[in-house]
Amino acid sequence: MKTIAVNIVTPDGPVYDSEVSMVIGVTATGEMGVLPGHIPTVAPLGIGAVRLKKDNSTELVAVNGGFLEIRPEKVTILAQSAERATDIDLARAQEAARRAEARLQANKDEVDFKRAELALKRAMNRINVYEGNI
C-alpha cells in the first residue's frame, strides 16, 4: 500500500511525523482528503480534526487553524496549535469550554462574543478529538 509522509508543525515544535495512507483535514471550504500522489495544493485550515489513516487505524489530531501544504510525496500542516488525541488534557478542555460558554452568556460586546465563540469551537474540537467523536 502506498503511503505519504505527514508532518504537523506548530510554533512550539513538531506534533506528528509519520507515513500514512490518507490524510483528511478541515479546510475553509470543507473536508479535504489527500492520498499519495495528490497534486500540489495549499489550503487554509479551520478549527477541526485532522484524521490520519494508517493501516486499519485512524489517528486524530486537533488543529486550530493554519495551512495544509500538499506535495505528491509529503503533506505538511503548519498549525497555530495542534494536539494529538493522546496528549489532550480533557479536564482542561472541558474547563475552557465552560469558561467560553459563560462568556457567551454574558454577551458584553461583539469582540468578546467572537473571541468566546472561537474559544468554544477550539475547546469542543479538543474534546471531540479526545473522545473520538468526529
# chains A, B, ... in the order shown; residues from 1 in each chain; ligands from 1

call {"tool": "select_by_dssp", "arguments": {"residues": "stretch 1-133 of chain A", "states": "strand (DSSP E or B)", "output": "PyMOL selection string"}}
result
chain A and resi 4-10+13-20+22-27+30-34+41-54+57-71+74-79+82-84

call {"tool": "residues_around", "arguments": {"residues": "A:Gly66", "least_positions_apart": "5", "cutoff": "9 Å", "atoms": "only C-alpha atoms", "output": "MDAnalysis selection string"}}
result
chainID A and resid 10 43:47 77:81

call {"tool": "closest_atom_pairs", "arguments": {"of": "stretch 59-90 of chain A", "to": "stretch 118-132 of chain A", "cutoff": "10 Å", "atoms": "only C-alpha atoms", "output": "tab-separated table"}}
result
residue	atom	partner	partner_atom	distance
A:Glu59	CA	A:Gly132	CA	9.2
A:Leu60	CA	A:Val129	CA	6.2
A:Val61	CA	A:Val129	CA	6.8
A:Ala62	CA	A:Arg126	CA	5.7
A:Val63	CA	A:Asn125	CA	8.1
A:Asn64	CA	A:Arg122	CA	6.5
A:Gly65	CA	A:Arg122	CA	9.6
A:Ser81	CA	A:Arg122	CA	9.9
A:Ala82	CA	A:Arg126	CA	9.2
A:Glu83	CA	A:Arg126	CA	7.9
A:Arg84	CA	A:Val129	CA	8.1
A:Ala85	CA	A:Tyr130	CA	4.7
A:Thr86	CA	A:Tyr130	CA	7.0
A:Asp87	CA	A:Tyr130	CA	8.5
A:Ile88	CA	A:Tyr130	CA	6.3
A:Asp89	CA	A:Tyr130	CA	8.4
A:Leu90	CA	A:Ile127	CA	6.4

call {"tool": "write_last_selection", "arguments": {"atoms": "all heavy atoms", "output": "CSV table (one decimal), in the first residue's frame"}}
result
chain,number,residue,atom,x,y,z
A,59,GLU,N,-5.7,7.9,13.4
A,59,GLU,CA,-5.2,8.8,14.5
A,59,GLU,C,-5.8,10.1,14.3
A,59,GLU,O,-6.0,10.6,13.1
A,59,GLU,CB,-3.7,8.9,14.5
A,59,GLU,CG,-3.0,7.8,15.0
A,59,GLU,CD,-1.5,8.1,15.3
A,59,GLU,OE1,-1.2,8.9,16.2
A,59,GLU,OE2,-0.7,7.5,14.5
A,60,LEU,N,-6.2,10.8,15.4
A,60,LEU,CA,-6.8,12.1,15.3
A,60,LEU,C,-5.9,13.2,15.9
A,60,LEU,O,-5.2,12.9,17.0
A,60,LEU,CB,-8.1,12.1,16.1
A,60,LEU,CG,-9.2,11.2,15.6
A,60,LEU,CD1,-10.4,11.2,16.5
A,60,LEU,CD2,-9.6,11.5,14.2
A,61,VAL,N,-5.8,14.3,15.3
A,61,VAL,CA,-5.1,15.5,15.8
A,61,VAL,C,-6.0,16.7,15.8
A,61,VAL,O,-6.6,17.0,14.7
A,61,VAL,CB,-3.8,15.7,15.0
A,61,VAL,CG1,-3.1,17.0,15.5
A,61,VAL,CG2,-2.9,14.5,15.0
A,62,ALA,N,-6.2,17.4,16.9
A,62,ALA,CA,-7.0,18.6,17.0
A,62,ALA,C,-6.1,19.7,16.5
A,62,ALA,O,-5.0,20.0,17.0
A,62,ALA,CB,-7.4,18.9,18.4
A,63,VAL,N,-6.6,20.4,15.4
A,63,VAL,CA,-5.8,21.5,14.8
A,63,VAL,C,-6.7,22.8,14.9
A,63,VAL,O,-7.9,22.7,14.6
A,63,VAL,CB,-5.5,21.2,13.3
A,63,VAL,CG1,-4.9,22.4,12.6
A,63,VAL,CG2,-4.6,20.0,13.3
A,64,ASN,N,-6.0,23.9,15.2
A,64,ASN,CA,-6.7,25.1,15.4
A,64,ASN,C,-6.2,26.2,14.4
A,64,ASN,O,-5.4,27.0,14.7
A,64,ASN,CB,-6.6,25.7,16.8
A,64,ASN,CG,-7.3,24.8,17.8
A,64,ASN,OD1,-8.4,24.3,17.6
A,64,ASN,ND2,-6.6,24.5,18.9
A,65,GLY,N,-6.6,26.0,13.1
A,65,GLY,CA,-6.2,27.0,12.1
A,65,GLY,C,-4.8,26.6,11.6
A,65,GLY,O,-4.0,25.8,12.1
A,81,SER,N,-2.0,25.8,16.5
A,81,SER,CA,-1.8,24.9,17.6
A,81,SER,C,-2.4,23.6,17.2
A,81,SER,O,-3.2,23.5,16.3
A,81,SER,CB,-2.5,25.4,18.9
A,81,SER,OG,-3.9,25.4,18.7
A,82,ALA,N,-1.8,22.5,17.7
A,82,ALA,CA,-2.3,21.1,17.4
A,82,ALA,C,-1.9,20.2,18.5
A,82,ALA,O,-0.9,20.4,19.2
A,82,ALA,CB,-1.6,20.6,16.1
A,83,GLU,N,-2.8,19.3,18.8
A,83,GLU,CA,-2.6,18.3,19.9
A,83,GLU,C,-3.1,16.9,19.4
A,83,GLU,O,-4.2,16.8,18.8
A,83,GLU,CB,-3.4,18.6,21.1
A,83,GLU,CG,-2.9,19.8,21.9
A,83,GLU,CD,-3.7,20.1,23.1
A,83,GLU,OE1,-4.7,20.8,23.0
A,83,GLU,OE2,-3.4,19.5,24.2
A,84,ARG,N,-2.3,15.9,19.6
A,84,ARG,CA,-2.7,14.5,19.3
A,84,ARG,C,-3.8,14.2,20.4
A,84,ARG,O,-3.8,14.7,21.5
A,84,ARG,CB,-1.6,13.6,19.4
A,84,ARG,CG,-0.5,13.8,18.3
A,84,ARG,CD,0.7,13.0,18.6
A,84,ARG,NE,0.5,11.7,18.1
A,84,ARG,CZ,1.5,10.9,17.6
A,84,ARG,NH1,2.7,11.4,17.5
A,84,ARG,NH2,1.2,9.7,17.1
A,85,ALA,N,-4.7,13.3,20.0
A,85,ALA,CA,-5.8,12.9,20.9
A,85,ALA,C,-5.2,12.4,22.3
A,85,ALA,O,-5.7,12.7,23.3
A,85,ALA,CB,-6.6,11.8,20.3
A,86,THR,N,-4.1,11.7,22.2
A,86,THR,CA,-3.5,11.1,23.4
A,86,THR,C,-2.8,12.2,24.3
A,86,THR,O,-2.6,11.9,25.5
A,86,THR,CB,-2.4,10.1,23.0
A,86,THR,OG1,-1.5,10.7,22.1
A,86,THR,CG2,-3.1,8.8,22.4
A,87,ASP,N,-2.6,13.4,23.8
A,87,ASP,CA,-1.9,14.4,24.5
A,87,ASP,C,-2.9,15.4,25.1
A,87,ASP,O,-2.5,16.3,25.8
A,87,ASP,CB,-0.9,15.2,23.7
A,87,ASP,CG,0.2,14.3,23.2
A,87,ASP,OD1,0.5,13.3,23.9
A,87,ASP,OD2,0.8,14.6,22.1
A,88,ILE,N,-4.2,15.3,24.8
A,88,ILE,CA,-5.2,16.3,25.2
A,88,ILE,C,-5.5,16.1,26.7
A,88,ILE,O,-5.8,15.0,27.1
A,88,ILE,CB,-6.5,16.2,24.3
A,88,ILE,CG1,-6.1,16.7,22.9
A,88,ILE,CG2,-7.6,17.1,24.9
A,88,ILE,CD1,-7.2,16.5,21.9
A,89,ASP,N,-5.5,17.2,27.4
A,89,ASP,CA,-6.0,17.2,28.8
A,89,ASP,C,-7.5,17.4,28.8
A,89,ASP,O,-7.9,18.6,28.6
A,89,ASP,CB,-5.2,18.2,29.6
A,89,ASP,CG,-5.6,18.3,31.1
A,89,ASP,OD1,-6.7,17.8,31.5
A,89,ASP,OD2,-4.8,18.9,31.8
A,90,LEU,N,-8.3,16.4,29.0
A,90,LEU,CA,-9.7,16.5,28.9
A,90,LEU,C,-10.3,17.5,29.9
A,90,LEU,O,-11.2,18.3,29.5
A,90,LEU,CB,-10.4,15.1,29.0
A,90,LEU,CG,-11.9,15.1,28.8
A,90,LEU,CD1,-12.3,15.6,27.5
A,90,LEU,CD2,-12.5,13.7,29.1

call {"tool": "closest_residue", "arguments": {"among": "A:Thr27, A:Thr76, A:Arg99, A:Arg92", "to": "A:Pro14", "atoms": "only C-alpha atoms"}}
result
A:Thr76

call {"tool": "residues_around", "arguments": {"residues": "A:Tyr16", "least_positions_apart": "5", "cutoff": "8 Å", "atoms": "only C-alpha atoms", "output": "list of chain:residue names"}}
result
A:Val6, A:Asn7, A:Ile8, A:Val9, A:Arg84

call {"tool": "closest_residue", "arguments": {"among": "A:Asp55, A:Gly48, A:Ala28, A:Lys74", "to": "A:Ile4", "atoms": "only C-alpha atoms"}}
result
A:Lys74

call {"tool": "atom_distance", "arguments": {"atom1": "atom CA of A:Val75", "atom2": "atom CA of A:Ala5"}}
result
6.1 Å

call {"tool": "select_by_dssp", "arguments": {"residues": "chain A", "states": "helix (DSSP H, G or I)", "output": "JSON list (two decimals) with N, CA, C and O atoms, in the first residue's frame"}}
result
[["chain", "number", "residue", "atom", "x", "y", "z"],
["A", 85, "ALA", "N", -4.70, 13.28, 20.00],
["A", 85, "ALA", "CA", -5.77, 12.88, 20.92],
["A", 85, "ALA", "C", -5.20, 12.38, 22.25],
["A", 85, "ALA", "O", -5.74, 12.68, 23.32],
["A", 86, "THR", "N", -4.08, 11.67, 22.19],
["A", 86, "THR", "CA", -3.49, 11.10, 23.40],
["A", 86, "THR", "C", -2.84, 12.16, 24.30],
["A", 86, "THR", "O", -2.59, 11.89, 25.46],
["A", 87, "ASP", "N", -2.59, 13.36, 23.76],
["A", 87, "ASP", "CA", -1.94, 14.42, 24.53],
["A", 87, "ASP", "C", -2.93, 15.44, 25.10],
["A", 87, "ASP", "O", -2.53, 16.35, 25.83],
["A", 90, "LEU", "N", -8.29, 16.40, 28.99],
["A", 90, "LEU", "CA", -9.74, 16.52, 28.87],
["A", 90, "LEU", "C", -10.32, 17.50, 29.89],
["A", 90, "LEU", "O", -11.17, 18.33, 29.53],
["A", 91, "ALA", "N", -9.88, 17.46, 31.12],
["A", 91, "ALA", "CA", -10.41, 18.36, 32.15],
["A", 91, "ALA", "C", -10.13, 19.82, 31.78],
["A", 91, "ALA", "O", -11.00, 20.69, 31.94],
["A", 92, "ARG", "N", -8.95, 20.08, 31.26],
["A", 92, "ARG", "CA", -8.60, 21.45, 30.84],
["A", 92, "ARG", "C", -9.47, 21.90, 29.67],
["A", 92, "ARG", "O", -9.93, 23.04, 29.63],
["A", 93, "ALA", "N", -9.71, 21.02, 28.71],
["A", 93, "ALA", "CA", -10.56, 21.36, 27.56],
["A", 93, "ALA", "C", -12.00, 21.60, 28.00],
["A", 93, "ALA", "O", -12.65, 22.54, 27.53],
["A", 94, "GLN", "N", -12.50, 20.79, 28.93],
["A", 94, "GLN", "CA", -13.87, 20.98, 29.43],
["A", 94, "GLN", "C", -13.99, 22.29, 30.19],
["A", 94, "GLN", "O", -15.00, 22.99, 30.07],
["A", 95, "GLU", "N", -12.97, 22.65, 30.97],
["A", 95, "GLU", "CA", -12.98, 23.91, 31.70],
["A", 95, "GLU", "C", -12.94, 25.09, 30.72],
["A", 95, "GLU", "O", -13.63, 26.09, 30.92],
["A", 96, "ALA", "N", -12.16, 24.98, 29.65],
["A", 96, "ALA", "CA", -12.11, 26.04, 28.63],
["A", 96, "ALA", "C", -13.47, 26.20, 27.97],
["A", 96, "ALA", "O", -13.92, 27.32, 27.71],
["A", 97, "ALA", "N", -14.15, 25.09, 27.70],
["A", 97, "ALA", "CA", -15.49, 25.16, 27.10],
["A", 97, "ALA", "C", -16.46, 25.81, 28.06],
["A", 97, "ALA", "O", -17.29, 26.65, 27.65],
["A", 98, "ARG", "N", -16.38, 25.48, 29.34],
["A", 98, "ARG", "CA", -17.27, 26.08, 30.34],
["A", 98, "ARG", "C", -17.06, 27.59, 30.43],
["A", 98, "ARG", "O", -18.01, 28.37, 30.45],
["A", 99, "ARG", "N", -15.79, 28.02, 30.46],
["A", 99, "ARG", "CA", -15.48, 29.45, 30.51],
["A", 99, "ARG", "C", -16.00, 30.18, 29.27],
["A", 99, "ARG", "O", -16.56, 31.27, 29.38],
["A", 100, "ALA", "N", -15.80, 29.57, 28.11],
["A", 100, "ALA", "CA", -16.26, 30.19, 26.86],
["A", 100, "ALA", "C", -17.78, 30.31, 26.84],
["A", 100, "ALA", "O", -18.33, 31.34, 26.42],
["A", 101, "GLU", "N", -18.47, 29.27, 27.30],
["A", 101, "GLU", "CA", -19.94, 29.33, 27.35],
["A", 101, "GLU", "C", -20.41, 30.42, 28.29],
["A", 101, "GLU", "O", -21.37, 31.13, 28.00],
["A", 102, "ALA", "N", -19.72, 30.59, 29.42],
["A", 102, "ALA", "CA", -20.08, 31.65, 30.38],
["A", 102, "ALA", "C", -19.87, 33.02, 29.75],
["A", 102, "ALA", "O", -20.71, 33.93, 29.93],
["A", 103, "ARG", "N", -18.80, 33.19, 29.00],
["A", 103, "ARG", "CA", -18.56, 34.48, 28.33],
["A", 103, "ARG", "C", -19.61, 34.74, 27.25],
["A", 103, "ARG", "O", -20.02, 35.87, 27.04],
["A", 104, "LEU", "N", -20.04, 33.68, 26.56],
["A", 104, "LEU", "CA", -21.09, 33.84, 25.55],
["A", 104, "LEU", "C", -22.41, 34.25, 26.21],
["A", 104, "LEU", "O", -23.16, 35.05, 25.64],
["A", 105, "GLN", "N", -22.69, 33.71, 27.38],
["A", 105, "GLN", "CA", -23.92, 34.08, 28.10],
["A", 105, "GLN", "C", -23.88, 35.54, 28.54],
["A", 105, "GLN", "O", -24.90, 36.21, 28.53],
["A", 106, "ALA", "N", -22.69, 36.02, 28.94],
["A", 106, "ALA", "CA", -22.55, 37.41, 29.37],
["A", 106, "ALA", "C", -22.80, 38.37, 28.21],
["A", 106, "ALA", "O", -23.38, 39.43, 28.41],
["A", 110, "GLU", "N", -19.29, 42.79, 20.89],
["A", 110, "GLU", "CA", -19.05, 41.98, 19.69],
["A", 110, "GLU", "C", -17.70, 41.27, 19.71],
["A", 110, "GLU", "O", -17.59, 40.11, 19.36],
["A", 111, "VAL", "N", -16.65, 41.98, 20.16],
["A", 111, "VAL", "CA", -15.30, 41.40, 20.17],
["A", 111, "VAL", "C", -15.23, 40.24, 21.16],
["A", 111, "VAL", "O", -14.73, 39.17, 20.83],
["A", 112, "ASP", "N", -15.74, 40.45, 22.37],
["A", 112, "ASP", "CA", -15.73, 39.37, 23.36],
["A", 112, "ASP", "C", -16.57, 38.20, 22.90],
["A", 112, "ASP", "O", -16.21, 37.05, 23.14],
["A", 113, "PHE", "N", -17.69, 38.46, 22.25],
["A", 113, "PHE", "CA", -18.55, 37.39, 21.76],
["A", 113, "PHE", "C", -17.81, 36.54, 20.74],
["A", 113, "PHE", "O", -17.83, 35.32, 20.81],
["A", 114, "LYS", "N", -17.15, 37.18, 19.77],
["A", 114, "LYS", "CA", -16.42, 36.45, 18.73],
["A", 114, "LYS", "C", -15.27, 35.64, 19.33],
["A", 114, "LYS", "O", -15.06, 34.49, 18.96],
["A", 115, "ARG", "N", -14.53, 36.25, 20.25],
["A", 115, "ARG", "CA", -13.42, 35.53, 20.90],
["A", 115, "ARG", "C", -13.93, 34.34, 21.70],
["A", 115, "ARG", "O", -13.34, 33.26, 21.66],
["A", 116, "ALA", "N", -15.05, 34.52, 22.40],
["A", 116, "ALA", "CA", -15.63, 33.42, 23.18],
["A", 116, "ALA", "C", -16.13, 32.31, 22.25],
["A", 116, "ALA", "O", -15.98, 31.12, 22.55],
["A", 117, "GLU", "N", -16.72, 32.70, 21.13],
["A", 117, "GLU", "CA", -17.21, 31.73, 20.16],
["A", 117, "GLU", "C", -16.06, 30.87, 19.61],
["A", 117, "GLU", "O", -16.17, 29.64, 19.52],
["A", 118, "LEU", "N", -14.95, 31.52, 19.26],
["A", 118, "LEU", "CA", -13.78, 30.79, 18.77],
["A", 118, "LEU", "C", -13.17, 29.91, 19.86],
["A", 118, "LEU", "O", -12.76, 28.78, 19.60],
["A", 119, "ALA", "N", -13.12, 30.42, 21.09],
["A", 119, "ALA", "CA", -12.59, 29.62, 22.20],
["A", 119, "ALA", "C", -13.46, 28.38, 22.43],
["A", 119, "ALA", "O", -12.92, 27.29, 22.69],
["A", 120, "LEU", "N", -14.77, 28.54, 22.31],
["A", 120, "LEU", "CA", -15.66, 27.39, 22.46],
["A", 120, "LEU", "C", -15.44, 26.37, 21.35],
["A", 120, "LEU", "O", -15.39, 25.16, 21.60],
["A", 121, "LYS", "N", -15.28, 26.84, 20.12],
["A", 121, "LYS", "CA", -15.01, 25.92, 18.99],
["A", 121, "LYS", "C", -13.72, 25.14, 19.21],
["A", 121, "LYS", "O", -13.66, 23.94, 18.98],
["A", 122, "ARG", "N", -12.67, 25.84, 19.66],
["A", 122, "ARG", "CA", -11.39, 25.17, 19.92],
["A", 122, "ARG", "C", -11.52, 24.13, 21.02],
["A", 122, "ARG", "O", -11.03, 23.01, 20.91],
["A", 123, "ALA", "N", -12.21, 24.50, 22.10],
["A", 123, "ALA", "CA", -12.38, 23.58, 23.23],
["A", 123, "ALA", "C", -13.21, 22.36, 22.81],
["A", 123, "ALA", "O", -12.86, 21.22, 23.14],
["A", 124, "MET", "N", -14.30, 22.58, 22.07],
["A", 124, "MET", "CA", -15.14, 21.47, 21.64],
["A", 124, "MET", "C", -14.38, 20.56, 20.66],
["A", 124, "MET", "O", -14.55, 19.34, 20.68],
["A", 125, "ASN", "N", -13.54, 21.16, 19.81],
["A", 125, "ASN", "CA", -12.72, 20.37, 18.90],
["A", 125, "ASN", "C", -11.80, 19.45, 19.69],
["A", 125, "ASN", "O", -11.69, 18.25, 19.40],
["A", 126, "ARG", "N", -11.15, 19.98, 20.73],
["A", 126, "ARG", "CA", -10.25, 19.17, 21.55],
["A", 126, "ARG", "C", -11.01, 18.06, 22.26],
["A", 126, "ARG", "O", -10.54, 16.92, 22.32],
["A", 127, "ILE", "N", -12.18, 18.37, 22.79],
["A", 127, "ILE", "CA", -13.00, 17.37, 23.49],
["A", 127, "ILE", "C", -13.41, 16.27, 22.51],
["A", 127, "ILE", "O", -13.30, 15.08, 22.80],
["A", 128, "ASN", "N", -13.90, 16.67, 21.33],
["A", 128, "ASN", "CA", -14.34, 15.68, 20.33],
["A", 128, "ASN", "C", -13.20, 14.79, 19.85],
["A", 128, "ASN", "O", -13.38, 13.59, 19.66],
["A", 129, "VAL", "N", -12.02, 15.37, 19.65],
["A", 129, "VAL", "CA", -10.86, 14.58, 19.23],
["A", 129, "VAL", "C", -10.47, 13.60, 20.33],
["A", 129, "VAL", "O", -10.21, 12.43, 20.07],
["A", 130, "TYR", "N", -10.45, 14.07, 21.55],
["A", 130, "TYR", "CA", -10.11, 13.19, 22.69],
["A", 130, "TYR", "C", -11.06, 12.01, 22.76],
["A", 130, "TYR", "O", -10.65, 10.87, 22.98],
["A", 131, "GLU", "N", -12.37, 12.29, 22.59],
["A", 131, "GLU", "CA", -13.39, 11.24, 22.69],
["A", 131, "GLU", "C", -13.55, 10.44, 21.41],
["A", 131, "GLU", "O", -14.28, 9.46, 21.39]]

call {"tool": "residues_around", "arguments": {"residues": "stretch 32-34 of chain A", "least_positions_apart": "5", "cutoff": "7 Å", "atoms": "only C-alpha atoms", "output": "VMD selection string"}}
result
chain A and resid 22 to 27

call {"tool": "write_last_selection", "arguments": {"atoms": "C-alpha atoms", "output": "PDB file, in the first residue's frame"}}
result
ATOM      1  CA  MET A  22      -4.576   9.040   3.805  1.00  0.00           C
ATOM      2  CA  VAL A  23      -4.911  12.486   5.404  1.00  0.00           C
ATOM      3  CA  ILE A  24      -8.274  14.186   5.909  1.00  0.00           C
ATOM      4  CA  GLY A  25      -8.352  17.796   7.071  1.00  0.00           C
ATOM      5  CA  VAL A  26     -10.947  20.510   7.578  1.00  0.00           C
ATOM      6  CA  THR A  27     -10.233  23.393   5.200  1.00  0.00           C
TER       7      THR A  27
END

call {"tool": "atom_distance", "arguments": {"atom1": "atom CA of A:Gly37", "atom2": "atom CA of A:Phe67"}}
result
18.9 Å

call {"tool": "atom_distance", "arguments": {"atom1": "atom CA of A:Asn56", "atom2": "atom CA of A:Val42"}}
result
27.4 Å
